[in-house]
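In what follows, a structure is listed as structure tokens, so that the remarks can point back to it.
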4 protein chains.
Amino acid sequence: MAGNSFGQLFRITTFGESHGVAIGVIVDGCPAGLPIDIEYIQAELDKRKPGQSKITTQRKEADTVQILSGTFEGKTTGTPIAMLIPNEDQRSKDYSHNTDVFRPSHADYTYFTKYGIRDHRGGGRSSARETAARVAAGAIAKLLLKTQGIEVLAHVSSVGKIDAPNISITNAQEFETIREANIVRCADPATAEEMIARIDEIRKQGDTIGGKVSCTITNCPVGLGEPVFDKLHADLGKAMLSINAVHGFEYGSGFTGSEMLGSEHNDIFAKESDGSVKTLTNFSGGIQGGISNGMPIEFKVAFKPVATIMTNQNTIDAEGNNAQIQGKGRHDPCVVPRAVPIVEAMAALVVADHWLRNKGSKL
Amino acid sequence: MAGNSFGQLFRITTFGESHGVAIGVIVDGCPAGLPIDIEYIQAELDKRKPGQSKITTQRKEADTVQILSGTFEGKTTGTPIAMLIPNEDQRSKDYSHNTDVFRPSHADYTYFTKYGIRDHRGGGRSSARETAARVAAGAIAKLLLKTQGIEVLAHVSSVGKIDAPNISITNAQEFETIREANIVRCADPATAEEMIARIDEIRKQGDTIGGKVSCTITNCPVGLGEPVFDKLHADLGKAMLSINAVHGFEYGSGFTGSEMLGSEHNDIFAKESDGSVKTLTNFSGGIQGGISNGMPIEFKVAFKPVATIMTNQNTIDAEGNNAQIQGKGRHDPCVVPRAVPIVEAMAALVVADHWLRNKGSKL
Amino acid sequence: MAGNSFGQLFRITTFGESHGVAIGVIVDGCPAGLPIDIEYIQAELDKRKPGQSKITTQRKEADTVQILSGTFEGKTTGTPIAMLIPNEDQRSKDYSHNTDVFRPSHADYTYFTKYGIRDHRGGGRSSARETAARVAAGAIAKLLLKTQGIEVLAHVSSVGKIDAPNISITNAQEFETIREANIVRCADPATAEEMIARIDEIRKQGDTIGGKVSCTITNCPVGLGEPVFDKLHADLGKAMLSINAVHGFEYGSGFTGSEMLGSEHNDIFAKESDGSVKTLTNFSGGIQGGISNGMPIEFKVAFKPVATIMTNQNTIDAEGNNAQIQGKGRHDPCVVPRAVPIVEAMAALVVADHWLRNKGSKL
Amino acid sequence: MAGNSFGQLFRITTFGESHGVAIGVIVDGCPAGLPIDIEYIQAELDKRKPGQSKITTQRKEADTVQILSGTFEGKTTGTPIAMLIPNEDQRSKDYSHNTDVFRPSHADYTYFTKYGIRDHRGGGRSSARETAARVAAGAIAKLLLKTQGIEVLAHVSSVGKIDAPNISITNAQEFETIREANIVRCADPATAEEMIARIDEIRKQGDTIGGKVSCTITNCPVGLGEPVFDKLHADLGKAMLSINAVHGFEYGSGFTGSEMLGSEHNDIFAKESDGSVKTLTNFSGGIQGGISNGMPIEFKVAFKPVATIMTNQNTIDAEGNNAQIQGKGRHDPCVVPRAVPIVEAMAALVVADHWLRNKGSKL
């Protein structure tokens with residue numbers, strides 16, 4: 001089974017290459033009757049689009065989304081929702097020097113070997129441009145979740161070794177306002193300044209740097225997640241790992257949890273005065289036995305540094321000859337500011353899917 | 001879609017609860033003509049079985065596997081392979097004190113809320129006992145991969161804050177011999193001693209401790225992995241996160257990679273004298289653009305400490321009343337020594353699945 | 001993807017060969033809280049079991065079903081329900097004469113060529129014995145549907161050229177009582193007599209004969225079916241065609257409808273006094289645009305004559321040499337009496353699946 | 001799981017409504033390296049397009065297909081192939097009289113009840129316009145199959161009670177030439193004349209008539225089909241039944257087979273002088289045990305008469321009031337001439353899918 005679909009009941013299929021006619025997505029399984037605000041979808045895409053600040057690629061693409069099907073008079077009809085994002089700035093000549101040369105730590109070599117053919121104009125299908133389609137689809141998932149009061153909220157928690165303090169989210173809108181007030185999309189303004197300076201420094205060196213995105217899902221009802229393989233965190237992990245440049249995923253206590261004792265790590269249950277069940281700590285990250293427990297769902301995603309750097313590197317070409325390569329296109333010095341909407345989109349897709357899947361769990 | 005199946009072309013479906021009649025698995029999609037060595041399957045199960053050493057649970061179960069279908073005269077026939085593992089030691093009385101009380105950081109509360117019903121005898125379906133079925137299925141995947149020279153090799157790389165040095169695997173059998181020579185399943189004998197002492201200490205305190213398992217897949221051909229969602233590492237990540245107690249997954253440079261510069265992180269291609277392509281470093285962990293690149297595939301899995309501890313903890317019961325609970329069963333002080341065959345099994349299932357999926361990638 | 005699973009949300013996976021240890025099935029996705037009456041399941045199996053009358057095979061198997069998992073105190077728990085049916089009467093010597101000879105119109109040649117290996121003891125996996133697992137799973141689906149008032153009711157409507165008149169079902173229990181009162185399972189007693197005599201005559205000739213099963217699903221709510229590919233009748237059709245010996249499927253007006261005019265065929269809508277919507281005729285067979293419309297769902301299934309006959313036939317062996325073969329086992333002269341519970345089981349599985357799938361169709 | 005995808009390894013997802021912006025399809029899983037001839041795809045679409053003759057709807061749409069992704073320099077790249085067909089002739093005013101009135105034997109009532117919302121401009125998603133997307137995707141499947149010598153060849157075998165004689169296909173091109181020489185697409189010229197006269201007569205009455213399409217797949221290798229549920233004929237049956245207006249499917253001996261004796265029906269194996277295995281008859285329709293046996297695959301599909309007729313009919317509206325309706329749009333008097341390319345497309349998709357699935361059947 002080819003790998004361009006994601007989700008079981010809320011299911012997306014994306015298509016398109018970085019230098020083709022267009023990219024796009026089909027959302028299949030969205031319930032009928034959901035009001036679709038195309039401006040909301042566009043606003044999500046705008047957070048991901050290139051050229052938005054000095055610390056992102058200077059490539060300019062409007063990334064204007066068009067809905068081709070699946071809605072009638074502003075609402076979903078239960079039929080597949082197709083969305084198209086034309087490719088505008090296909091400056092392929094920037095890439096002409098890449099012909100037949102395998103860029104280090106890109107997908108050129110593996111695609112060529114797997115498929116026996118390669119579109120050498122940029123990353124083709126392996127380009128992170130494909131994630132725009134995910135953001136458009138994720139925006140619909142977010143609209144669906146908002147009808148249930150569920151919010152998916154991510155921000156840049158690390159750039160290189162600069163870490164933001166833990167943020168406790170009490171108000172979704174406030175969180176987003178603070179995060180969007182700085183170009184690195186960190187919800188801690190002081191750390192944001194440091195991060196921006198660091199990325200700018202790296203950019204001037206022609207180098208790139210990695211980072212982390214942290215995500216919280218608030219108001220998720222108890223019961224989402226399908227043991228034993230489709231645990232909620234397993235599907236979140238797969239979703240995140242499917243994003244370009246992601247090298248790690250952890251939820252709740254994560255890797256640190258592996259250094260803890262059971263007596264430290266256990267989350268003690270308590271009943272609130274309103275009758276709801278909480279845990280006093282949240283090392284479980286809102287998920288127990290693969291099923292949401294009503295606490296905030298918390299996870300973190302690690303992104304490697306962007307592979308395209310502006311300095312000279314050794315490599316080989318398709319014939320195995322030694323070659324040299326130097327990035328000439330317009331690339332991101334650090335991917336995490338633009339990755340925030342992608343993380344949110346993929347998380348929203350997972351939660352929407354599991355929200356639908358949970359409908360049949362009991363008679 | 002219910003969540004008890006894993007894989008697309010090499011697909012398993014597991015069933016069974018910790019205190020029911022039996023657990024088991026159906027393997028569907030294994031190619032015909034594969035010789036099946038039931039003693040090999042049993043040996044894999046023996047690495048996971050309880051009661052094997054002083055640092056695992058003292059519960060005794062032979063975990064004897066029986067093949068019900070899918071083979072004829074010692075070979076697979078292309079039909080589904082069903083395997084059954086009867087539950088022998090269903091000492092339910094150990095659990096009678098748990099009725100209606102939600103054990104902290106277990107799945108009791110979430111299962112009860114999701115399904116409206118709960119088998120309170122142990123973890124039921126959420127028990128790690130289910131992973132025995134995965135190990136049996138994974139053993140068949142390993143046999144399939146061995147016909148291609150592919151080996152899946154894991155060991156305990158951390159217990160709490162005790163970390164083993166990085167191990168470079170040159171010989172699969174040697175690696176396994178060293179690892180199996182100590183009860184903690186660490187491939188570095190000196191670190192193994194430390195780890196065993198630490199677990200034993202924790203056990204005596206009635207507490208538990210987390211750890212990490214590192215895994216290497218050697219001889220994996222170039223081309224496995226299906227962009228853009230079913231990237232090889234995304235499926236490995238989901239597989240690992242679906243294992244009980246796993247809170248984190250990273251591959252290649254992992255979380256550390258997010259602190260690096262592109263100029264440090266890029267893996268430079270080079271052609272070997274035998275014509276094969278290698279990279280000088282392996283921060284990519286053997287996977288680029290979601291597709292294996294021929295280098296060793298390397299990933300790490302973080303396990304939280306086991307939730308069942310022998311000390312008194314506060315909690316609530318199904319009516320929301322305050323309650324107290326203390327572990328009385330026979331539980332593992334640290335899960336990682338028994339997790340090694342589970343990690344290998346799940347990794348083998350992913351690679352076998354992608355090996356089959358890759359068959360149709362080009363004309 | 002291997003083909004031993006059926007259904008999306010109410011999903012079954014079967015295993016087992018005719019002459020192996022056991023056959024069985026895993027039902028995944030059944031909602032929690034459904035009371036399971038094992039005697040009901042057994043009773044369904046008893047309708048399919050061999051040796052029940054003079055017009056079925058004289059092979060004797062008790063076909064006793066055992067539930068291995070997924071229930072607790074008589075109710076489903078939301079976890080996979082595994083059921084096992086041991087093979088008792090594996091009289092393989094009846095088949096020893098078949099070694100390496102391809103029986104005409106059996107699956108011997110195609111299995112051998114596809115898989116390169118073949119269990120020559122009877123049909124192996126291609127044996128209709130596998131359908132016992134479907135009947136067990138279908139019984140659970142029927143129990144689920146009964147909680148919604150939905151009944152799945154089939155009977156033998158033709159044996160060879162003997163056709164029963166159309167039966168209009170007003171009472172499910174009455175229908176079943178009449179049908180079970182004769183060994184051919186035709187709901188028209190007079191036709192049943194004719195059919196039985198015909199089968200008996202054919203049996204004495206050492207020959208076999210085909211027939212048809214008609215099925216009605218009553219009380220199905222409006223809305224089941226997922227356009228555009230998973231139309232309710234498309235899934236019913238696939239379900240029926242997956243049953244051994246089925247060569248045709250039609251619903252509503254079926255093949256006859258292709259000879260009609262639109263003005264004759266259109267089903268006129270009318271509102272009942274109770275506010276419900278009906279159609280004055282039901283050429284649509286209860287399904288419009290692939291979605292149930294609240295009218296009885298009606299379809300018909302054509303079974304070819306059983307391939308094993310007691311007379312001598314020419315054939316070839318695995319080396320391509322000419323050979324002769326004559327049935328010596330104990331086989332059915334006509335498959336339809338035992339096919340009734342199989343048709344009902346598969347139909348119930350489809351409707352249960354679509355009942356679950358429909359839960360997310362609107363917000 | 002929503003129902004707008006078909007196939008496992010060669011998988012399509014369609015989108016679009018009859019009166020929206022565009023319809024289209026994503027083909028995922030087509031092997032890389034397949035030359036794509038867009039003129040071939042367009043020619044297939046031209047066989048399905050409206051307005052092609054006096055016996056089809058007079059609605060005019062060019063149905064021009066555009067490839068958005070998945071090819072590079074004329075070959076497939078292994079990435080998803082998206083194709084778009086803009087809707088040109090959205091003469092919605094023809095449909096304004098339909099608002100809120102449920103057309104008899106259309107999908108208006110079931111869609112409205114299932115989704116709670118309905119695009120009343122024509123059939124919306126339930127319109128047969130969606131099948132254009134299938135034809136485009138099927139053309140790619142046919143190109144893939146042609147690289148293996150496999151041909152999928154259908155024609156109109158019945159209109160109402162006018163039946164063509166059985167056609168034995170010896171040469172694919174010759175068959176297509178004869179078939180395309182008449183506007184009803186019957187491969188028997190004499191019968192074609194009768195059929196055309198009959199349809200024309202019906203058209204003048206403002207009525208419609210049903211018919212049948214017969215299909216033969218030549219040169220299919222032995223081994224395609226995945227028991228026990230994804231039998232080749234079961235997937236062909238589902239594919240056909242998912243086409244608008246189809247009410248029946250049979251393969252090989254079909255419904256007639258249910259009236260035969262085993263001694264008549266069994267296909268005797270024989271070895272040809274070239275070493276290949278044949279059967280002397282082909283009541284099995286080229287499929288045994290759900291797996292292709294190398295003989296021509298033969299099946300027949302029954303289409304009901306088109307529901308839109310030009311005479312007055314009683315019905316109800318969304319509030320349940322009595323209403324009357326009369327077709328005013330431009331509709332087909334008989335669907336089968338335009339259904340021929342749809343049947344071929346869906347059959348090709350099934351065979352391409354199973355051709356890929358069979359690659360992993362043995363080691």
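Naming works like this for the structure tokens: A, B, ... for the chains as they're shown, residue 1 at the start of each chain, ligands 1 onward in shown order.
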Where in range 224-316 of chain A does DSSP assign alpha helix (DSSP H), given as a VMD selection string? chain A and resid 232 to 241 254 to 257 262 to 265
Could you write those residues out with all heavy atoms, as a short mmCIF file (atom, residue, chain, number, x, y, z; two decimals), in the first residue's frame?
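File written: selection25.cif
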data_model
loop_
_atom_site.label_atom_id
_atom_site.label_comp_id
_atom_site.auth_asym_id
_atom_site.auth_seq_id
_atom_site.Cartn_x
_atom_site.Cartn_y
_atom_site.Cartn_z
N LEU A 232 -3.08 6.19 21.11
CA LEU A 232 -3.13 7.60 20.71
C LEU A 232 -1.72 8.16 20.53
O LEU A 232 -1.43 8.84 19.54
CB LEU A 232 -3.92 8.41 21.75
CG LEU A 232 -4.19 9.86 21.37
CD1 LEU A 232 -4.91 9.96 20.03
CD2 LEU A 232 -5.02 10.55 22.45
N HIS A 233 -0.83 7.85 21.46
CA HIS A 233 0.53 8.40 21.34
C HIS A 233 1.31 7.72 20.22
O HIS A 233 2.23 8.32 19.66
CB HIS A 233 1.28 8.31 22.66
CG HIS A 233 1.41 6.92 23.19
ND1 HIS A 233 0.51 6.35 24.04
CD2 HIS A 233 2.34 5.97 22.97
CE1 HIS A 233 0.88 5.12 24.34
NE2 HIS A 233 1.99 4.85 23.69
N ALA A 234 0.96 6.47 19.88
CA ALA A 234 1.65 5.80 18.77
C ALA A 234 1.28 6.47 17.45
O ALA A 234 2.14 6.67 16.58
CB ALA A 234 1.31 4.31 18.75
N ASP A 235 0.01 6.82 17.32
CA ASP A 235 -0.41 7.51 16.09
C ASP A 235 0.12 8.95 16.06
O ASP A 235 0.49 9.45 14.98
CB ASP A 235 -1.93 7.47 15.95
CG ASP A 235 -2.40 6.15 15.33
OD1 ASP A 235 -1.55 5.38 14.83
OD2 ASP A 235 -3.61 5.87 15.34
N LEU A 236 0.16 9.61 17.21
CA LEU A 236 0.78 10.94 17.25
C LEU A 236 2.26 10.83 16.88
O LEU A 236 2.78 11.66 16.11
CB LEU A 236 0.64 11.56 18.65
CG LEU A 236 -0.74 12.10 19.01
CD1 LEU A 236 -0.83 12.41 20.50
CD2 LEU A 236 -1.10 13.34 18.18
N GLY A 237 2.92 9.82 17.39
CA GLY A 237 4.34 9.65 17.09
C GLY A 237 4.57 9.42 15.61
O GLY A 237 5.44 10.05 14.99
N LYS A 238 3.78 8.54 15.03
CA LYS A 238 3.93 8.30 13.59
C LYS A 238 3.66 9.58 12.81
O LYS A 238 4.38 9.91 11.85
CB LYS A 238 2.97 7.20 13.13
CG LYS A 238 2.99 7.07 11.62
CD LYS A 238 2.38 5.81 11.09
CE LYS A 238 2.37 5.90 9.56
NZ LYS A 238 2.00 4.67 8.91
N ALA A 239 2.64 10.31 13.19
CA ALA A 239 2.29 11.56 12.51
C ALA A 239 3.47 12.53 12.54
O ALA A 239 3.83 13.13 11.52
CB ALA A 239 1.06 12.19 13.15
N MET A 240 4.07 12.66 13.69
CA MET A 240 5.17 13.63 13.83
C MET A 240 6.41 13.14 13.07
O MET A 240 7.08 13.90 12.38
CB MET A 240 5.53 13.82 15.31
CG MET A 240 4.40 14.42 16.13
SD MET A 240 3.79 15.98 15.43
CE MET A 240 2.01 15.75 15.63
N LEU A 241 6.69 11.84 13.19
CA LEU A 241 7.88 11.30 12.52
C LEU A 241 7.73 11.33 11.01
O LEU A 241 8.72 11.26 10.28
CB LEU A 241 8.14 9.88 13.02
CG LEU A 241 8.67 9.82 14.47
CD1 LEU A 241 8.38 8.48 15.11
CD2 LEU A 241 10.18 10.12 14.52
N GLY A 254 8.60 11.31 28.63
CA GLY A 254 9.51 11.09 27.51
C GLY A 254 10.81 10.41 27.89
O GLY A 254 10.82 9.46 28.70
N PHE A 255 11.90 10.85 27.27
CA PHE A 255 13.19 10.22 27.53
C PHE A 255 13.62 10.39 28.98
O PHE A 255 14.24 9.50 29.56
CB PHE A 255 14.25 10.76 26.56
CG PHE A 255 14.27 10.00 25.26
CD1 PHE A 255 13.37 10.31 24.24
CD2 PHE A 255 15.14 8.93 25.08
CE1 PHE A 255 13.36 9.58 23.06
CE2 PHE A 255 15.13 8.19 23.90
CZ PHE A 255 14.23 8.52 22.88
N THR A 256 13.27 11.52 29.56
CA THR A 256 13.60 11.74 30.97
C THR A 256 12.92 10.71 31.85
O THR A 256 13.47 10.27 32.86
CB THR A 256 13.15 13.16 31.37
OG1 THR A 256 13.75 14.09 30.48
CG2 THR A 256 13.58 13.48 32.80
N GLY A 257 11.72 10.32 31.46
CA GLY A 257 10.98 9.33 32.24
C GLY A 257 11.73 8.03 32.39
O GLY A 257 11.56 7.31 33.38
N GLY A 262 9.54 4.44 39.57
CA GLY A 262 8.09 4.32 39.53
C GLY A 262 7.41 5.18 40.58
O GLY A 262 6.37 5.80 40.35
N SER A 263 8.02 5.25 41.76
CA SER A 263 7.41 6.02 42.84
C SER A 263 7.41 7.52 42.55
O SER A 263 6.58 8.26 43.08
CB SER A 263 8.16 5.75 44.15
OG SER A 263 9.54 6.00 43.97
N GLU A 264 8.33 7.96 41.71
CA GLU A 264 8.34 9.37 41.30
C GLU A 264 7.38 9.62 40.14
O GLU A 264 6.84 10.70 39.97
CB GLU A 264 9.74 9.78 40.77
CG GLU A 264 10.87 9.68 41.75
CD GLU A 264 12.24 9.82 41.05
OE1 GLU A 264 12.45 9.23 39.97
OE2 GLU A 264 13.08 10.54 41.61
N HIS A 265 7.25 8.61 39.28
CA HIS A 265 6.64 8.79 37.96
C HIS A 265 5.12 8.60 37.98
O HIS A 265 4.42 9.19 37.16
CB HIS A 265 7.28 7.79 36.98
CG HIS A 265 6.99 8.04 35.53
ND1 HIS A 265 5.84 7.64 34.93
CD2 HIS A 265 7.72 8.67 34.58
CE1 HIS A 265 5.87 7.99 33.65
NE2 HIS A 265 6.99 8.63 33.41
#
Pairing every Cα of chain A with chain D in order, what RMSD remains after the least-squares superposition?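 The C-alpha RMSD comes to 0.0 Å.
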Please check the contacts: residues of chain C at most 6 Å away from chain B, using only C-alpha atoms, listed as a list in words.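 Using only C-alpha atoms, chain C residues at most 6 Å from chain B: Met1, Ala2, Gln8, Leu9, Phe15, Gly16, Val21, Asp28, Gly29, Ala32, Leu68, Ser69, Pro80 and Tyr115 of chain C.
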Writer output for current selection, N, CA, C and O atoms, as a PDB file, in the first residue's frame:
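Okay, part-v6.pdb is ready:
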ATOM      1  N   MET C   1      -1.607  -6.417   0.582  1.00  0.00           N
ATOM      2  CA  MET C   1      -2.309  -6.782   1.819  1.00  0.00           C
ATOM      3  C   MET C   1      -2.969  -8.143   1.623  1.00  0.00           C
ATOM      4  O   MET C   1      -3.729  -8.342   0.694  1.00  0.00           O
ATOM      5  N   ALA C   2      -2.641  -9.044   2.506  1.00  0.00           N
ATOM      6  CA  ALA C   2      -3.194 -10.382   2.414  1.00  0.00           C
ATOM      7  C   ALA C   2      -4.693 -10.337   2.635  1.00  0.00           C
ATOM      8  O   ALA C   2      -5.220  -9.406   3.237  1.00  0.00           O
ATOM      9  N   GLN C   8     -14.201  -3.090   7.831  1.00  0.00           N
ATOM     10  CA  GLN C   8     -13.338  -1.972   8.222  1.00  0.00           C
ATOM     11  C   GLN C   8     -13.399  -1.743   9.730  1.00  0.00           C
ATOM     12  O   GLN C   8     -12.372  -1.774  10.402  1.00  0.00           O
ATOM     13  N   LEU C   9     -14.575  -1.491  10.261  1.00  0.00           N
ATOM     14  CA  LEU C   9     -14.706  -1.186  11.691  1.00  0.00           C
ATOM     15  C   LEU C   9     -15.130  -2.418  12.476  1.00  0.00           C
ATOM     16  O   LEU C   9     -14.694  -2.615  13.601  1.00  0.00           O
ATOM     17  N   PHE C  15      -8.584 -17.872  10.046  1.00  0.00           N
ATOM     18  CA  PHE C  15      -7.388 -18.692   9.801  1.00  0.00           C
ATOM     19  C   PHE C  15      -7.793 -20.154   9.798  1.00  0.00           C
ATOM     20  O   PHE C  15      -8.869 -20.513  10.265  1.00  0.00           O
ATOM     21  N   GLY C  16      -6.899 -20.989   9.310  1.00  0.00           N
ATOM     22  CA  GLY C  16      -7.102 -22.419   9.445  1.00  0.00           C
ATOM     23  C   GLY C  16      -7.390 -23.145   8.150  1.00  0.00           C
ATOM     24  O   GLY C  16      -7.990 -22.602   7.229  1.00  0.00           O
ATOM     25  N   VAL C  21      -4.992 -28.244  12.620  1.00  0.00           N
ATOM     26  CA  VAL C  21      -5.356 -28.418  14.021  1.00  0.00           C
ATOM     27  C   VAL C  21      -6.730 -27.822  14.303  1.00  0.00           C
ATOM     28  O   VAL C  21      -7.552 -28.408  15.007  1.00  0.00           O
ATOM     29  N   ASP C  28     -12.517  -8.051  15.503  1.00  0.00           N
ATOM     30  CA  ASP C  28     -11.971  -6.833  16.107  1.00  0.00           C
ATOM     31  C   ASP C  28     -12.907  -5.677  15.797  1.00  0.00           C
ATOM     32  O   ASP C  28     -13.336  -5.498  14.660  1.00  0.00           O
ATOM     33  N   GLY C  29     -13.249  -4.918  16.812  1.00  0.00           N
ATOM     34  CA  GLY C  29     -14.067  -3.731  16.597  1.00  0.00           C
ATOM     35  C   GLY C  29     -15.504  -3.871  17.062  1.00  0.00           C
ATOM     36  O   GLY C  29     -16.289  -2.936  16.910  1.00  0.00           O
ATOM     37  N   ALA C  32     -18.055  -2.612  22.972  1.00  0.00           N
ATOM     38  CA  ALA C  32     -18.120  -3.197  24.310  1.00  0.00           C
ATOM     39  C   ALA C  32     -19.551  -3.178  24.821  1.00  0.00           C
ATOM     40  O   ALA C  32     -20.353  -2.334  24.421  1.00  0.00           O
ATOM     41  N   LEU C  68     -11.951 -17.502  23.137  1.00  0.00           N
ATOM     42  CA  LEU C  68     -10.658 -17.411  23.830  1.00  0.00           C
ATOM     43  C   LEU C  68     -10.423 -16.057  24.474  1.00  0.00           C
ATOM     44  O   LEU C  68      -9.569 -15.926  25.350  1.00  0.00           O
ATOM     45  N   SER C  69     -11.117 -15.029  24.036  1.00  0.00           N
ATOM     46  CA  SER C  69     -10.807 -13.680  24.520  1.00  0.00           C
ATOM     47  C   SER C  69     -11.929 -12.723  24.175  1.00  0.00           C
ATOM     48  O   SER C  69     -12.827 -13.055  23.407  1.00  0.00           O
ATOM     49  N   PRO C  80     -10.363  -7.651  21.138  1.00  0.00           N
ATOM     50  CA  PRO C  80     -10.639  -8.625  20.081  1.00  0.00           C
ATOM     51  C   PRO C  80     -11.198  -9.943  20.625  1.00  0.00           C
ATOM     52  O   PRO C  80     -10.693 -10.480  21.606  1.00  0.00           O
ATOM     53  N   TYR C 115       1.398 -20.167  -4.883  1.00  0.00           N
ATOM     54  CA  TYR C 115       2.218 -20.253  -3.677  1.00  0.00           C
ATOM     55  C   TYR C 115       3.414 -21.195  -3.806  1.00  0.00           C
ATOM     56  O   TYR C 115       4.299 -21.195  -2.956  1.00  0.00           O
TER      57      TYR C 115
END
Got a sec: who's within 8 Å of range 188-190 of chain D, counting only C-alpha atoms, leaving out chain neighbours fewer than 6 positions off, as number ranges by chain? D: 164-165, 167, 178-179, 182
Residues as selected, all heavy atoms, written as an mmCIF file, in the first residue's frame, can you do that?
data_model
loop_
_atom_site.group_PDB
_atom_site.id
_atom_site.type_symbol
_atom_site.label_atom_id
_atom_site.label_comp_id
_atom_site.auth_asym_id
_atom_site.auth_seq_id
_atom_site.Cartn_x
_atom_site.Cartn_y
_atom_site.Cartn_z
ATOM 1 N N ALA D 164 -26.645 -9.870 -27.459
ATOM 2 C CA ALA D 164 -25.656 -10.211 -28.487
ATOM 3 C C ALA D 164 -25.224 -11.658 -28.306
ATOM 4 O O ALA D 164 -25.275 -12.191 -27.200
ATOM 5 C CB ALA D 164 -24.453 -9.289 -28.367
ATOM 6 N N PRO D 165 -24.799 -12.323 -29.370
ATOM 7 C CA PRO D 165 -24.224 -13.676 -29.207
ATOM 8 C C PRO D 165 -22.898 -13.564 -28.439
ATOM 9 O O PRO D 165 -22.300 -12.493 -28.361
ATOM 10 C CB PRO D 165 -23.995 -14.130 -30.647
ATOM 11 C CG PRO D 165 -23.915 -12.876 -31.453
ATOM 12 C CD PRO D 165 -24.781 -11.866 -30.765
ATOM 13 N N ILE D 167 -19.133 -13.536 -27.776
ATOM 14 C CA ILE D 167 -18.018 -13.140 -28.638
ATOM 15 C C ILE D 167 -16.753 -13.803 -28.105
ATOM 16 O O ILE D 167 -16.464 -13.720 -26.912
ATOM 17 C CB ILE D 167 -17.815 -11.603 -28.582
ATOM 18 C CG1 ILE D 167 -19.106 -10.846 -28.898
ATOM 19 C CG2 ILE D 167 -16.649 -11.169 -29.460
ATOM 20 C CD1 ILE D 167 -19.470 -10.813 -30.352
ATOM 21 N N ILE D 178 -14.050 -3.181 -34.029
ATOM 22 C CA ILE D 178 -15.448 -3.530 -34.318
ATOM 23 C C ILE D 178 -16.390 -2.828 -33.339
ATOM 24 O O ILE D 178 -17.401 -2.250 -33.719
ATOM 25 C CB ILE D 178 -15.649 -5.064 -34.260
ATOM 26 C CG1 ILE D 178 -14.807 -5.737 -35.344
ATOM 27 C CG2 ILE D 178 -17.123 -5.432 -34.382
ATOM 28 C CD1 ILE D 178 -14.761 -7.247 -35.231
ATOM 29 N N ARG D 179 -16.044 -2.890 -32.078
ATOM 30 C CA ARG D 179 -16.901 -2.297 -31.048
ATOM 31 C C ARG D 179 -17.059 -0.786 -31.254
ATOM 32 O O ARG D 179 -18.155 -0.246 -31.148
ATOM 33 C CB ARG D 179 -16.293 -2.574 -29.671
ATOM 34 C CG ARG D 179 -17.108 -2.031 -28.524
ATOM 35 C CD ARG D 179 -16.323 -2.057 -27.232
ATOM 36 N NE ARG D 179 -15.271 -1.054 -27.243
ATOM 37 C CZ ARG D 179 -14.297 -0.963 -26.344
ATOM 38 N NH1 ARG D 179 -14.209 -1.854 -25.386
ATOM 39 N NH2 ARG D 179 -13.393 -0.006 -26.420
ATOM 40 N N ASN D 182 -19.580 1.167 -33.873
ATOM 41 C CA ASN D 182 -20.997 1.493 -33.696
ATOM 42 C C ASN D 182 -21.205 2.258 -32.386
ATOM 43 O O ASN D 182 -20.445 2.085 -31.438
ATOM 44 C CB ASN D 182 -21.867 0.231 -33.773
ATOM 45 C CG ASN D 182 -21.603 -0.741 -32.646
ATOM 46 O OD1 ASN D 182 -21.964 -0.493 -31.497
ATOM 47 N ND2 ASN D 182 -20.942 -1.846 -32.970
#
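Across the model, the gap from CA of Pro221 in chain B to CA of Gly286 in chain B is 10.1 Å.
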Close residues, Met346 in chain B itself excluded, 9 Å, only C-alpha atoms, min 5 positions apart in chain, as a list in words: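 So the residues in contact are Arg134, Val135, Ala137, Gly138, Leu236, Ala239, Met240, Ile243, Pro341 and Val351 of chain B.
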